[in-house]
file data_33.txt (compact mmCIF, C-alpha atoms)
# COMPACT_ATOMS: atom_id res chain seq x y z
CA MET Z 1 -70.32 72.50 -30.08
CA VAL Z 2 -66.92 71.94 -31.66
CA VAL Z 3 -65.13 68.66 -31.03
CA VAL Z 4 -61.43 68.99 -30.20
CA THR Z 5 -59.45 65.76 -30.51
CA LEU Z 6 -56.29 65.34 -28.49
CA ARG Z 7 -53.34 62.99 -28.36
CA ALA Z 8 -50.84 62.40 -25.58
CA PRO Z 9 -49.49 64.34 -23.82
CA LEU Z 10 -52.33 66.83 -24.38
CA ARG Z 11 -54.92 64.14 -23.68
CA ASP Z 12 -53.37 63.55 -20.26
CA LEU Z 13 -53.71 67.25 -19.49
CA ALA Z 14 -57.41 67.05 -20.35
CA ASP Z 15 -58.22 64.42 -17.75
CA GLY Z 16 -57.54 61.65 -20.28
CA HIS Z 17 -60.24 62.77 -22.72
CA ARG Z 18 -59.55 62.02 -26.38
CA GLU Z 19 -62.31 64.40 -27.34
CA VAL Z 20 -63.45 67.56 -25.66
CA HIS Z 21 -66.58 69.47 -26.68
CA VAL Z 22 -66.22 73.23 -26.52
CA GLU Z 23 -67.96 76.37 -27.70
CA GLY Z 24 -66.30 78.79 -30.11
CA GLY Z 25 -66.72 80.57 -33.40
CA THR Z 26 -63.08 80.33 -34.45
CA VAL Z 27 -60.19 77.96 -33.93
CA GLY Z 28 -58.66 80.36 -31.42
CA GLU Z 29 -61.89 80.72 -29.48
CA ALA Z 30 -62.37 76.97 -29.34
CA LEU Z 31 -58.84 76.42 -28.08
CA ARG Z 32 -59.21 79.13 -25.45
CA ALA Z 33 -62.43 77.46 -24.34
CA LEU Z 34 -60.48 74.21 -24.08
CA GLU Z 35 -57.97 75.96 -21.80
CA LEU Z 36 -60.77 77.25 -19.59
CA SER Z 37 -62.38 73.85 -19.27
CA HIS Z 38 -59.05 72.08 -18.68
CA PRO Z 39 -56.59 74.58 -17.13
CA PRO Z 40 -53.55 72.24 -17.12
CA ILE Z 41 -53.51 72.46 -20.93
CA ALA Z 42 -53.11 76.26 -20.85
CA GLY Z 43 -49.90 77.31 -22.56
CA TRP Z 44 -49.35 74.04 -24.39
CA ILE Z 45 -51.25 74.57 -27.65
CA LEU Z 46 -51.46 78.35 -27.41
CA ASP Z 47 -48.61 80.53 -26.18
CA GLU Z 48 -49.04 83.07 -23.41
CA HIS Z 49 -50.67 85.49 -25.84
CA GLY Z 50 -53.16 83.01 -27.23
CA ARG Z 51 -51.41 82.23 -30.50
CA VAL Z 52 -51.09 78.65 -31.74
CA ARG Z 53 -47.52 77.54 -31.11
CA ARG Z 54 -45.22 77.34 -34.10
CA HIS Z 55 -44.79 73.57 -34.01
CA VAL Z 56 -48.41 72.67 -33.39
CA ASN Z 57 -50.77 72.05 -36.31
CA VAL Z 58 -54.50 72.48 -36.10
CA PHE Z 59 -56.85 70.90 -38.63
CA VAL Z 60 -60.57 71.56 -39.01
CA ASN Z 61 -62.41 68.62 -40.58
CA GLY Z 62 -59.07 67.50 -42.06
CA ALA Z 63 -57.96 70.85 -43.48
CA ARG Z 64 -55.10 72.83 -41.97
CA ALA Z 65 -56.44 75.90 -40.17
CA GLY Z 66 -55.15 79.03 -38.46
CA ASP Z 67 -56.30 80.73 -35.27
CA GLY Z 68 -58.89 82.85 -37.02
CA GLU Z 69 -60.52 80.10 -39.07
CA ALA Z 70 -64.27 79.97 -38.51
CA VAL Z 71 -65.69 76.84 -36.95
CA ALA Z 72 -69.27 75.71 -36.46
CA ALA Z 73 -71.13 73.21 -34.36
CA GLY Z 74 -70.14 69.68 -35.26
CA ASP Z 75 -66.78 70.60 -36.72
CA VAL Z 76 -63.90 68.38 -35.66
CA LEU Z 77 -60.72 70.14 -34.67
CA HIS Z 78 -57.56 67.99 -34.56
CA VAL Z 79 -54.53 69.25 -32.63
CA LEU Z 80 -51.35 67.52 -33.77
CA PRO Z 81 -47.61 67.95 -33.27
CA SER Z 82 -45.96 69.32 -36.40
CA ILE Z 83 -43.18 67.44 -38.18
CA SER Z 84 -41.23 70.71 -37.95
CA GLY Z 85 -41.05 70.35 -34.15
CA GLY Z 86 -39.60 67.80 -31.80
CA THR Z 87 -36.14 67.37 -30.41
CA ARG Z 88 -33.08 66.20 -32.31
CA MET D 89 -25.37 58.25 -1.33
CA THR D 90 -25.10 61.04 -3.89
CA GLU D 91 -27.98 62.06 -6.12
CA LEU D 92 -27.39 63.70 -9.50
CA LEU D 93 -30.07 65.43 -11.54
CA VAL D 94 -28.99 65.08 -15.14
CA GLY D 95 -30.91 67.11 -17.70
CA THR D 96 -30.59 65.79 -21.23
CA LYS D 97 -31.99 66.26 -24.70
CA LYS D 98 -34.20 63.27 -23.95
CA GLY D 99 -35.51 63.83 -20.49
CA LEU D 100 -34.35 64.02 -16.90
CA PHE D 101 -32.27 61.22 -15.45
CA VAL D 102 -32.04 60.81 -11.70
CA LEU D 103 -28.77 59.08 -10.85
CA ARG D 104 -27.91 57.76 -7.42
CA GLY D 105 -24.73 56.09 -6.25
CA GLU D 106 -21.61 56.10 -4.19
CA PRO D 107 -18.78 58.35 -5.39
CA GLY D 108 -16.14 56.29 -7.13
CA GLU D 109 -18.56 53.76 -8.60
CA ALA D 110 -21.03 53.77 -11.47
CA PHE D 111 -24.32 55.38 -10.48
CA ASP D 112 -27.76 53.83 -11.02
CA ALA D 113 -30.26 55.64 -13.23
CA VAL D 114 -33.18 55.28 -10.84
CA HIS D 115 -35.69 57.33 -12.81
CA ARG D 116 -36.29 59.02 -16.15
CA ALA D 117 -38.82 61.86 -16.29
CA PHE D 118 -40.10 63.98 -19.20
CA PRO D 119 -39.22 61.44 -21.92
CA GLY D 120 -38.94 63.03 -25.34
CA ASP D 121 -38.50 66.54 -24.04
CA VAL D 122 -35.39 68.60 -23.44
CA VAL D 123 -34.68 69.08 -19.77
CA GLU D 124 -32.65 72.26 -19.79
CA TYR D 125 -31.98 72.31 -16.07
CA ALA D 126 -33.00 70.46 -12.94
CA VAL D 127 -32.14 71.31 -9.37
CA ARG D 128 -33.18 70.51 -5.82
CA ASP D 129 -33.81 73.46 -3.52
CA ALA D 130 -32.09 72.38 -0.31
CA ARG D 131 -34.29 74.69 1.77
CA SER D 132 -37.62 73.15 0.86
CA GLY D 133 -36.48 69.82 -0.57
CA ARG D 134 -38.48 70.69 -3.69
CA TYR D 135 -37.17 69.64 -7.09
CA PHE D 136 -37.44 71.89 -10.13
CA ALA D 137 -37.10 71.00 -13.80
CA SER D 138 -37.06 73.36 -16.73
CA VAL D 139 -38.50 71.42 -19.64
CA THR D 140 -38.81 72.43 -23.28
CA SER D 141 -41.14 70.45 -25.48
CA GLY D 142 -40.20 70.58 -29.13
CA PHE D 143 -43.90 71.10 -29.83
CA TYR D 144 -45.61 72.55 -26.80
CA GLY D 145 -43.10 75.09 -25.50
CA PRO D 146 -41.15 75.59 -22.28
CA ARG D 147 -42.29 75.37 -18.68
CA ILE D 148 -41.13 74.78 -15.15
CA PHE D 149 -42.26 71.72 -13.25
CA PHE D 150 -41.77 71.00 -9.56
CA ALA D 151 -42.00 67.90 -7.38
CA ASP D 152 -41.25 66.72 -3.88
CA ASP D 153 -39.98 63.41 -5.26
CA PRO D 154 -38.28 63.38 -8.68
CA ALA D 155 -39.67 59.90 -9.29
CA GLY D 156 -43.16 61.02 -8.31
CA GLU D 157 -45.67 63.50 -9.67
CA TRP D 158 -44.39 66.71 -11.29
CA ARG D 159 -46.67 69.73 -11.25
CA GLN D 160 -46.63 72.65 -13.69
CA ALA D 161 -45.72 76.07 -12.43
CA GLU D 162 -47.77 79.08 -13.45
CA GLY D 163 -45.33 80.86 -15.75
CA PRO D 164 -42.85 82.16 -16.60
CA ALA D 165 -45.05 83.80 -19.22
CA PHE D 166 -44.96 87.32 -20.61
CA PRO D 167 -47.79 89.56 -19.43
CA ASP D 168 -50.39 90.89 -21.83
CA ASP D 169 -48.75 94.31 -22.08
CA ILE D 170 -45.71 92.71 -23.73
CA PRO D 171 -47.57 91.00 -26.57
CA ASP D 172 -44.68 90.49 -28.95
CA ALA D 173 -42.52 88.33 -26.66
CA THR D 174 -42.94 84.69 -25.75
CA VAL D 175 -40.77 82.59 -23.47
CA ALA D 176 -38.64 80.30 -25.63
CA ARG D 177 -36.44 78.41 -23.13
CA ILE D 178 -35.88 78.49 -19.40
CA TRP D 179 -32.20 78.09 -18.72
CA VAL D 180 -31.83 78.09 -14.97
CA VAL D 181 -33.74 78.01 -11.69
CA GLU D 182 -31.84 79.47 -8.75
CA PRO D 183 -32.87 79.67 -5.09
CA ALA D 184 -32.78 83.26 -3.80
CA GLU D 185 -31.74 84.46 -0.37
CA GLU D 186 -35.22 84.95 1.05
CA PRO D 187 -37.38 82.07 2.22
CA ARG D 188 -39.51 80.54 -0.57
CA ALA D 189 -38.02 82.88 -3.18
CA LEU D 190 -36.37 81.70 -6.38
CA TYR D 191 -35.16 83.22 -9.62
CA ALA D 192 -35.33 81.83 -13.13
CA GLY D 193 -33.43 82.91 -16.21
CA ALA D 194 -34.93 82.53 -19.65
CA ALA D 195 -34.78 83.32 -23.33
CA PRO D 196 -35.42 85.93 -24.57
CA ALA D 197 -33.07 87.42 -21.97
CA THR D 198 -35.29 87.77 -18.93
CA LEU D 199 -35.15 87.31 -15.19
CA TRP D 200 -38.17 85.93 -13.34
CA ARG D 201 -38.89 85.74 -9.63
CA SER D 202 -41.07 83.49 -7.57
CA GLU D 203 -41.98 84.11 -3.95
CA ASP D 204 -44.01 80.95 -3.41
CA ASP D 205 -41.51 78.11 -3.84
CA GLY D 206 -41.66 78.27 -7.62
CA GLU D 207 -45.40 77.89 -8.12
CA THR D 208 -45.89 81.27 -9.82
CA TRP D 209 -43.40 83.53 -11.59
CA GLU D 210 -43.20 87.24 -12.31
CA LEU D 211 -41.08 89.09 -14.85
CA ASN D 212 -38.36 91.47 -13.64
CA ARG D 213 -39.53 94.50 -15.57
CA ALA D 214 -36.51 96.67 -14.88
CA LEU D 215 -34.12 94.32 -16.67
CA TRP D 216 -36.67 93.84 -19.44
CA ALA D 217 -36.74 97.61 -19.88
CA ALA D 218 -32.94 97.98 -20.03
CA PRO D 219 -32.44 100.86 -22.48
CA THR D 220 -29.75 99.02 -24.41
CA ARG D 221 -31.89 95.91 -24.99
CA PRO D 222 -32.62 96.76 -28.65
CA GLU D 223 -28.86 96.50 -29.24
CA TRP D 224 -28.50 93.05 -27.63
CA ASN D 225 -27.74 90.12 -29.87
CA PRO D 226 -28.03 86.39 -29.29
CA GLY D 227 -25.18 83.93 -29.08
CA ALA D 228 -25.37 80.49 -30.66
CA GLY D 229 -27.67 79.32 -27.88
CA GLY D 230 -29.97 82.29 -28.12
CA LEU D 231 -30.35 85.54 -26.18
CA MET D 232 -30.84 84.46 -22.61
CA VAL D 233 -30.22 84.87 -18.92
CA HIS D 234 -28.45 81.63 -18.05
CA THR D 235 -26.59 82.50 -14.85
CA ILE D 236 -27.99 83.98 -11.65
CA CYS D 237 -25.63 84.60 -8.73
CA PRO D 238 -27.30 85.63 -5.47
CA TRP D 239 -25.16 87.24 -2.80
CA PRO D 240 -25.11 85.03 0.30
CA GLY D 241 -26.87 86.82 3.12
CA ASP D 242 -27.89 89.86 1.10
CA PRO D 243 -31.06 89.49 -0.96
CA ASP D 244 -30.67 92.96 -2.44
CA ARG D 245 -27.59 92.10 -4.44
CA LEU D 246 -27.60 89.88 -7.50
CA ALA D 247 -25.45 89.30 -10.57
CA VAL D 248 -26.83 87.79 -13.76
CA GLY D 249 -25.03 86.63 -16.86
CA ILE D 250 -26.54 87.14 -20.28
CA SER D 251 -25.48 85.61 -23.53
CA ALA D 252 -24.61 87.75 -25.31
CA ALA D 253 -25.25 90.98 -23.37
CA GLY D 254 -22.78 90.85 -20.51
CA VAL D 255 -23.01 90.97 -16.75
CA TRP D 256 -25.87 92.85 -15.09
CA LEU D 257 -25.85 93.80 -11.42
CA THR D 258 -28.47 95.02 -8.99
CA ASP D 259 -28.09 96.34 -5.45
CA ASP D 260 -31.81 96.84 -4.80
CA ARG D 261 -33.34 93.43 -5.48
CA GLY D 262 -33.84 94.07 -9.17
CA GLU D 263 -35.37 97.53 -9.05
CA THR D 264 -32.43 99.01 -10.97
CA TRP D 265 -29.57 97.47 -12.91
CA ARG D 266 -26.05 98.43 -13.94
CA THR D 267 -23.58 96.65 -16.16
CA GLY D 268 -20.43 94.77 -15.17
CA TYR D 269 -18.58 95.09 -18.45
CA ALA D 270 -15.19 96.52 -17.39
CA GLY D 271 -12.21 94.39 -18.31
CA LEU D 272 -14.06 91.94 -20.55
CA ASP D 273 -12.38 91.68 -23.94
CA PRO D 274 -14.63 90.39 -26.73
CA LYS D 275 -11.99 89.28 -29.20
CA TYR D 276 -14.71 88.29 -31.67
CA VAL D 277 -15.53 92.02 -32.12
CA PRO D 278 -13.22 94.33 -34.12
CA GLU D 279 -10.84 96.08 -31.74
CA GLU D 280 -12.13 99.54 -32.58
CA ALA D 281 -15.68 98.49 -31.70
CA ARG D 282 -14.99 96.73 -28.41
CA ALA D 283 -15.22 99.72 -26.09
CA ASN D 284 -18.89 100.35 -26.74
CA THR D 285 -20.22 96.92 -27.51
CA HIS D 286 -22.88 95.08 -25.57
CA ALA D 287 -21.96 91.85 -27.37
CA LEU D 288 -20.35 90.28 -24.32
CA CYS D 289 -20.93 86.56 -24.46
CA ILE D 290 -20.89 85.31 -20.89
CA HIS D 291 -20.79 81.53 -20.85
CA LYS D 292 -21.01 80.99 -17.10
CA MET D 293 -20.28 82.76 -13.81
CA GLU D 294 -20.04 81.48 -10.27
CA ARG D 295 -19.65 83.37 -7.02
CA ALA D 296 -17.28 82.34 -4.21
CA PRO D 297 -19.70 82.09 -1.29
CA LEU D 298 -17.08 82.68 1.41
CA ARG D 299 -15.92 85.83 -0.35
CA PRO D 300 -19.01 86.98 -2.23
CA GLU D 301 -17.42 89.98 -3.88
CA ARG D 302 -15.40 87.43 -5.89
CA LEU D 303 -16.79 85.76 -8.99
CA PHE D 304 -15.16 83.62 -11.64
CA MET D 305 -16.31 83.64 -15.25
CA GLN D 306 -15.92 81.48 -18.32
CA PHE D 307 -16.29 83.85 -21.26
CA HIS D 308 -16.59 83.24 -25.00
CA GLY D 309 -12.83 83.24 -25.34
CA GLY D 310 -11.39 84.11 -21.94
CA VAL D 311 -11.52 83.23 -18.27
CA TYR D 312 -11.95 86.08 -15.79
CA ARG D 313 -12.14 86.88 -12.10
CA SER D 314 -13.89 89.78 -10.42
CA ASP D 315 -13.06 90.92 -6.90
CA ASP D 316 -15.60 93.74 -6.82
CA GLY D 317 -18.87 91.91 -7.11
CA GLY D 318 -18.83 91.70 -10.90
CA ALA D 319 -18.25 95.36 -11.72
CA SER D 320 -14.84 94.73 -13.29
CA TRP D 321 -12.97 91.68 -14.48
CA ALA D 322 -9.34 90.54 -14.67
CA ASP D 323 -8.09 88.12 -17.30
CA ILE D 324 -6.88 84.85 -15.71
CA GLU D 325 -6.62 82.78 -18.88
CA ALA D 326 -2.81 82.45 -18.86
CA GLY D 327 -1.78 78.87 -18.18
CA LEU D 328 -4.86 77.31 -19.80
CA PRO D 329 -4.67 75.55 -23.17
CA SER D 330 -7.55 77.72 -24.33
CA GLY D 331 -9.79 80.49 -23.08
CA PHE D 332 -12.83 78.87 -24.64
CA GLY D 333 -15.22 76.62 -22.75
CA PHE D 334 -18.64 76.71 -21.17
CA PRO D 335 -18.90 75.80 -17.46
CA ILE D 336 -16.98 77.02 -14.45
CA VAL D 337 -17.16 75.77 -10.86
CA VAL D 338 -15.86 77.46 -7.71
CA ASP D 339 -14.91 75.49 -4.62
CA PRO D 340 -17.44 76.78 -2.08
CA ALA D 341 -14.92 76.27 0.74
CA ASP D 342 -12.05 78.08 -0.97
CA PRO D 343 -12.48 81.40 -2.81
CA ASP D 344 -9.14 80.84 -4.55
CA SER D 345 -10.12 77.54 -6.17
CA ALA D 346 -12.01 77.13 -9.42
CA TYR D 347 -12.36 74.60 -12.22
CA VAL D 348 -12.85 74.94 -15.99
CA ILE D 349 -13.04 72.49 -18.89
CA PRO D 350 -11.31 74.12 -21.89
CA LEU D 351 -12.26 73.50 -25.50
CA VAL D 352 -10.06 74.33 -28.49
CA ALA D 353 -11.88 77.48 -29.65
CA ASP D 354 -15.25 78.76 -30.75
CA VAL D 355 -14.57 77.37 -34.23
CA ASP D 356 -13.66 73.90 -32.88
CA ARG D 357 -15.60 73.15 -29.71
CA VAL D 358 -13.87 69.96 -28.56
CA PRO D 359 -11.23 69.22 -25.91
CA PRO D 360 -7.70 70.06 -27.09
CA ASP D 361 -5.98 67.02 -28.64
CA GLY D 362 -9.04 64.92 -27.90
CA ARG D 363 -8.01 64.79 -24.22
CA LEU D 364 -10.75 65.52 -21.72
CA ARG D 365 -9.19 67.47 -18.89
CA VAL D 366 -10.47 69.65 -16.09
CA PHE D 367 -8.16 72.52 -15.18
CA GLU D 368 -7.93 73.68 -11.59
CA THR D 369 -6.59 76.81 -10.03
CA ARG D 370 -5.91 77.05 -6.31
CA ASP D 371 -4.49 80.57 -6.41
CA ALA D 372 -7.40 82.53 -7.89
CA GLY D 373 -6.26 82.04 -11.47
CA THR D 374 -2.57 82.81 -11.23
CA THR D 375 -1.73 79.23 -12.20
CA TRP D 376 -3.73 76.31 -13.57
CA ALA D 377 -3.12 72.55 -13.35
CA ALA D 378 -4.63 69.80 -15.50
CA ARG D 379 -6.73 67.17 -13.76
CA GLY D 380 -7.46 64.30 -16.13
CA ASP D 381 -6.69 61.11 -14.23
CA GLY D 382 -9.54 58.75 -15.04
CA LEU D 383 -11.04 60.87 -17.83
CA PRO D 384 -10.82 59.83 -21.52
CA GLN D 385 -7.43 60.90 -22.82
CA ASP D 386 -7.75 60.03 -26.47
CA ASN D 387 -10.42 60.57 -29.08
CA ALA D 388 -12.61 62.48 -26.64
CA TYR D 389 -14.47 64.93 -28.87
CA LEU D 390 -17.31 65.83 -26.56
CA VAL D 391 -18.59 69.10 -25.14
CA VAL D 392 -19.51 69.98 -21.58
CA LEU D 393 -22.22 72.61 -21.68
CA ARG D 394 -22.54 75.58 -19.32
CA GLN D 395 -25.00 74.04 -16.86
CA ALA D 396 -23.45 70.59 -16.91
CA PHE D 397 -20.75 70.94 -14.21
CA ASP D 398 -21.40 71.10 -10.48
CA ASP D 399 -19.91 70.34 -7.08
CA ASP D 400 -21.40 68.68 -4.03
CA GLY D 401 -20.22 71.26 -1.52
CA GLY D 402 -18.34 68.60 0.41
CA SER D 403 -14.84 68.25 1.76
CA PRO D 404 -13.02 66.84 -0.06
CA LEU D 405 -14.96 68.40 -2.87
CA GLY D 406 -17.03 66.17 -5.12
CA LEU D 407 -17.23 67.28 -8.75
CA TYR D 408 -19.59 66.04 -11.45
CA PHE D 409 -20.06 66.89 -15.11
CA GLY D 410 -21.95 65.53 -18.08
CA ALA D 411 -21.15 65.74 -21.77
CA THR D 412 -22.88 65.83 -25.10
CA SER D 413 -21.69 62.24 -25.53
CA GLY D 414 -24.17 61.20 -22.83
CA ASP D 415 -21.41 60.39 -20.35
CA VAL D 416 -21.35 61.65 -16.77
CA PHE D 417 -18.06 61.82 -14.89
CA GLY D 418 -17.36 62.39 -11.23
CA SER D 419 -14.55 63.02 -8.82
CA ALA D 420 -14.66 62.40 -5.07
CA ASP D 421 -11.35 64.09 -4.36
CA GLY D 422 -11.54 67.60 -5.73
CA GLY D 423 -10.63 66.58 -9.27
CA ALA D 424 -7.47 64.58 -8.52
CA THR D 425 -9.05 61.39 -9.90
CA TRP D 426 -12.20 60.79 -11.91
CA PHE D 427 -14.66 57.95 -12.44
CA THR D 428 -17.48 57.35 -14.91
CA ALA D 429 -20.83 57.76 -13.18
CA ALA D 430 -22.97 56.99 -16.23
CA SER D 431 -22.57 56.31 -19.94
CA ARG D 432 -24.70 56.48 -23.06
CA LEU D 433 -27.37 58.78 -21.72
CA ALA D 434 -28.72 61.35 -24.15
CA PRO D 435 -26.66 64.53 -24.74
CA VAL D 436 -26.35 66.17 -21.34
CA THR D 437 -27.58 69.73 -20.91
CA SER D 438 -27.22 70.07 -17.13
CA VAL D 439 -25.90 68.34 -14.05
CA ARG D 440 -26.77 69.35 -10.51
CA VAL D 441 -25.89 67.53 -7.30
CA SER D 442 -28.87 67.30 -4.97
CA ARG D 443 -28.18 68.95 -1.66
call {"tool": "encode", "arguments": {"input": "data_33.txt", "output": "structure tokens"}}
result
Amino acid sequence: MVVVTLRAPLRDLADGHREVHVEGGTVGEALRALELSHPPIAGWILDEHGRVRRHVNVFVNGARAGDGEAVAAGDVLHVLPSISGGTR
Amino acid sequence: MTELLVGTKKGLFVLRGEPGEAFDAVHRAFPGDVVEYAVRDARSGRYFASVTSGFYGPRIFFADDPAGEWRQAEGPAFPDDIPDATVARIWVVEPAEEPRALYAGAAPATLWRSEDDGETWELNRALWAAPTRPEWNPGAGGLMVHTICPWPGDPDRLAVGISAAGVWLTDDRGETWRTGYAGLDPKYVPEEARANTHALCIHKMERAPLRPERLFMQFHGGVYRSDDGGASWADIEAGLPSGFGFPIVVDPADPDSAYVIPLVADVDRVPPDGRLRVFETRDAGTTWAARGDGLPQDNAYLVVLRQAFDDDGGSPLGLYFGATSGDVFGSADGGATWFTAASRLAPVTSVRVSR
């Protein structure tokens, strides 16, 4: 399984879990599996069409990754707010 | 006790107090996020907040107690058959005329409807499919539905304001739409192009509930009144220091009375001469009078945004507005005198009086 690590406020939407183990062959599949296992997080990382939001960065084992990046069991997927986002 | 819901760039502030005195900030919700709009639905007592995270997107939350738990609504979100659009901001949540029904306006310019007290939302497809939509252009704030004016007692009729695509009207609960462009004069468009333009930058509209065929509008350079439900508009700017501004408020007990807060112009969006003044008409826009007693009258270079001015529906009328300076001002006597309700909040995006 892939390990997805979360920070607040996403962690709070995942019942307080810092790590969630999900199935998936790509970043997008893993994040959609995260939404299915923790419905309150739906729409936060991915938009309504399943694309990673513009100001969210996803890293796989420390390397920046897009939706279609392949992942394998044991990979660690970090979801982090981008420095391009936020509110002035 | 009066309760104000103050949306800001840095969360929602719930202010409570007695008119005439400084209010207490009794709660701050959604820290770090922009609260575009917050309102209490007087029918259900339910509070709504439109919140935009700078990272995680926009959504509507609702709560029975603004200091308690807020729950996420399901949507607004574009359906799968419209794959190229995503909701960017939700500008307004407006109770409809039917029980448990509400509307929301969002960017890109869309109208959404809920029939379950705001828990789920559905796109109005007829407005989305407006044939002129490819010709619509955004204003500085985006391309959005920001104003929704139900018709008291008639759920079939609705007027919405779009920046920058004009007034849209329905007489069949959103099944079909027609424009309310007549009389609007977009001075920012070359004269020879004005007749056929859709670039009509509505800043805010409000309906007079006792005479619902009458609406007042603050335009991007102009103040207007309609006496035919929004189909056509008459210029009522004469007597104001400027036709530019964002919000407009109508006295719910008097269809002839309205309030605006003029700014210099689109190229200099501050109060004229640094004097913060509300202008009032009591004769449907024939004449205007300045109401600034108690408001900053020097070096006041702040902006009051379109959703940041409201009334309490009382008699005498209570008026409240917030500014980009983080100040919130109020009047307990229909604008004759003003007091400072709060200072040094974050830039204010919306003010609504809980009813």
call {"tool": "closest_residue", "arguments": {"input": "data_33.txt", "among": "Z:Val27, Z:Leu10, Z:Val60, Z:Ala72", "to": "chain D", "atoms": "all atoms listed in the file"}}
result
Z:Leu10
call {"tool": "atom_distance", "arguments": {"input": "data_33.txt", "atom1": "atom CA of Val255 of chain D", "atom2": "atom CA of Gly318 of chain D"}}
result
7.2 Å
call {"tool": "residues_around", "arguments": {"input": "data_33.txt", "residues": "Leu303 of chain D", "least_positions_apart": "4", "cutoff": "7 Å", "atoms": "only C-alpha atoms", "output": "PDB file with C-alpha atoms, in the frame of the given file"}}
result
ATOM      1  CA  MET D 293     -20.280  82.760 -13.810  1.00  0.00           C
ATOM      2  CA  GLU D 294     -20.040  81.480 -10.270  1.00  0.00           C
ATOM      3  CA  ARG D 295     -19.650  83.370  -7.020  1.00  0.00           C
ATOM      4  CA  ALA D 296     -17.280  82.340  -4.210  1.00  0.00           C
ATOM      5  CA  ARG D 313     -12.140  86.880 -12.100  1.00  0.00           C
ATOM      6  CA  SER D 314     -13.890  89.780 -10.420  1.00  0.00           C
ATOM      7  CA  ASP D 315     -13.060  90.920  -6.900  1.00  0.00           C
ATOM      8  CA  GLY D 317     -18.870  91.910  -7.110  1.00  0.00           C
ATOM      9  CA  GLY D 318     -18.830  91.700 -10.900  1.00  0.00           C
TER      10      GLY D 318
END
call {"tool": "residues_around", "arguments": {"input": "data_33.txt", "residues": "Gly68 of chain Z", "least_positions_apart": "3", "cutoff": "10 Å", "atoms": "all atoms listed in the file", "output": "PDB file with C-alpha atoms, in the frame of the given file"}}
result
ATOM      1  CA  GLY Z  25     -66.720  80.570 -33.400  1.00  0.00           C
ATOM      2  CA  THR Z  26     -63.080  80.330 -34.450  1.00  0.00           C
ATOM      3  CA  VAL Z  27     -60.190  77.960 -33.930  1.00  0.00           C
ATOM      4  CA  GLY Z  28     -58.660  80.360 -31.420  1.00  0.00           C
ATOM      5  CA  GLU Z  29     -61.890  80.720 -29.480  1.00  0.00           C
ATOM      6  CA  ARG Z  51     -51.410  82.230 -30.500  1.00  0.00           C
ATOM      7  CA  ALA Z  65     -56.440  75.900 -40.170  1.00  0.00           C
ATOM      8  CA  VAL Z  71     -65.690  76.840 -36.950  1.00  0.00           C
TER       9      VAL Z  71
END
call {"tool": "residues_around", "arguments": {"input": "data_33.txt", "residues": "Val352 of chain D", "least_positions_apart": "3", "cutoff": "8 Å", "atoms": "all atoms listed in the file", "output": "PyMOL selection string"}}
result
chain D and resi 329-330+332+355-360
call {"tool": "residues_near_point", "arguments": {"input": "data_33.txt", "point": "(-41.8, 79.9, -27.7)", "cutoff": "12 Å", "atoms": "only C-alpha atoms", "output": "VMD selection string"}}
result
(chain Z and resid 43 to 56 85) or (chain D and resid 140 to 147 164 to 166 172 to 178 194 to 196)
call {"tool": "write_last_selection", "arguments": {"input": "data_33.txt", "atoms": "C-alpha atoms", "output": "mmCIF file, in the coordinates of the input"}}
result
data_model
loop_
_atom_site.group_PDB
_atom_site.id
_atom_site.type_symbol
_atom_site.label_atom_id
_atom_site.label_comp_id
_atom_site.auth_asym_id
_atom_site.auth_seq_id
_atom_site.Cartn_x
_atom_site.Cartn_y
_atom_site.Cartn_z
ATOM 1 C CA GLY Z 43 -49.900 77.310 -22.560
ATOM 2 C CA TRP Z 44 -49.350 74.040 -24.390
ATOM 3 C CA ILE Z 45 -51.250 74.570 -27.650
ATOM 4 C CA LEU Z 46 -51.460 78.350 -27.410
ATOM 5 C CA ASP Z 47 -48.610 80.530 -26.180
ATOM 6 C CA GLU Z 48 -49.040 83.070 -23.410
ATOM 7 C CA HIS Z 49 -50.670 85.490 -25.840
ATOM 8 C CA GLY Z 50 -53.160 83.010 -27.230
ATOM 9 C CA ARG Z 51 -51.410 82.230 -30.500
ATOM 10 C CA VAL Z 52 -51.090 78.650 -31.740
ATOM 11 C CA ARG Z 53 -47.520 77.540 -31.110
ATOM 12 C CA ARG Z 54 -45.220 77.340 -34.100
ATOM 13 C CA HIS Z 55 -44.790 73.570 -34.010
ATOM 14 C CA VAL Z 56 -48.410 72.670 -33.390
ATOM 15 C CA GLY Z 85 -41.050 70.350 -34.150
ATOM 16 C CA THR D 140 -38.810 72.430 -23.280
ATOM 17 C CA SER D 141 -41.140 70.450 -25.480
ATOM 18 C CA GLY D 142 -40.200 70.580 -29.130
ATOM 19 C CA PHE D 143 -43.900 71.100 -29.830
ATOM 20 C CA TYR D 144 -45.610 72.550 -26.800
ATOM 21 C CA GLY D 145 -43.100 75.090 -25.500
ATOM 22 C CA PRO D 146 -41.150 75.590 -22.280
ATOM 23 C CA ARG D 147 -42.290 75.370 -18.680
ATOM 24 C CA PRO D 164 -42.850 82.160 -16.600
ATOM 25 C CA ALA D 165 -45.050 83.800 -19.220
ATOM 26 C CA PHE D 166 -44.960 87.320 -20.610
ATOM 27 C CA ASP D 172 -44.680 90.490 -28.950
ATOM 28 C CA ALA D 173 -42.520 88.330 -26.660
ATOM 29 C CA THR D 174 -42.940 84.690 -25.750
ATOM 30 C CA VAL D 175 -40.770 82.590 -23.470
ATOM 31 C CA ALA D 176 -38.640 80.300 -25.630
ATOM 32 C CA ARG D 177 -36.440 78.410 -23.130
ATOM 33 C CA ILE D 178 -35.880 78.490 -19.400
ATOM 34 C CA ALA D 194 -34.930 82.530 -19.650
ATOM 35 C CA ALA D 195 -34.780 83.320 -23.330
ATOM 36 C CA PRO D 196 -35.420 85.930 -24.570
#
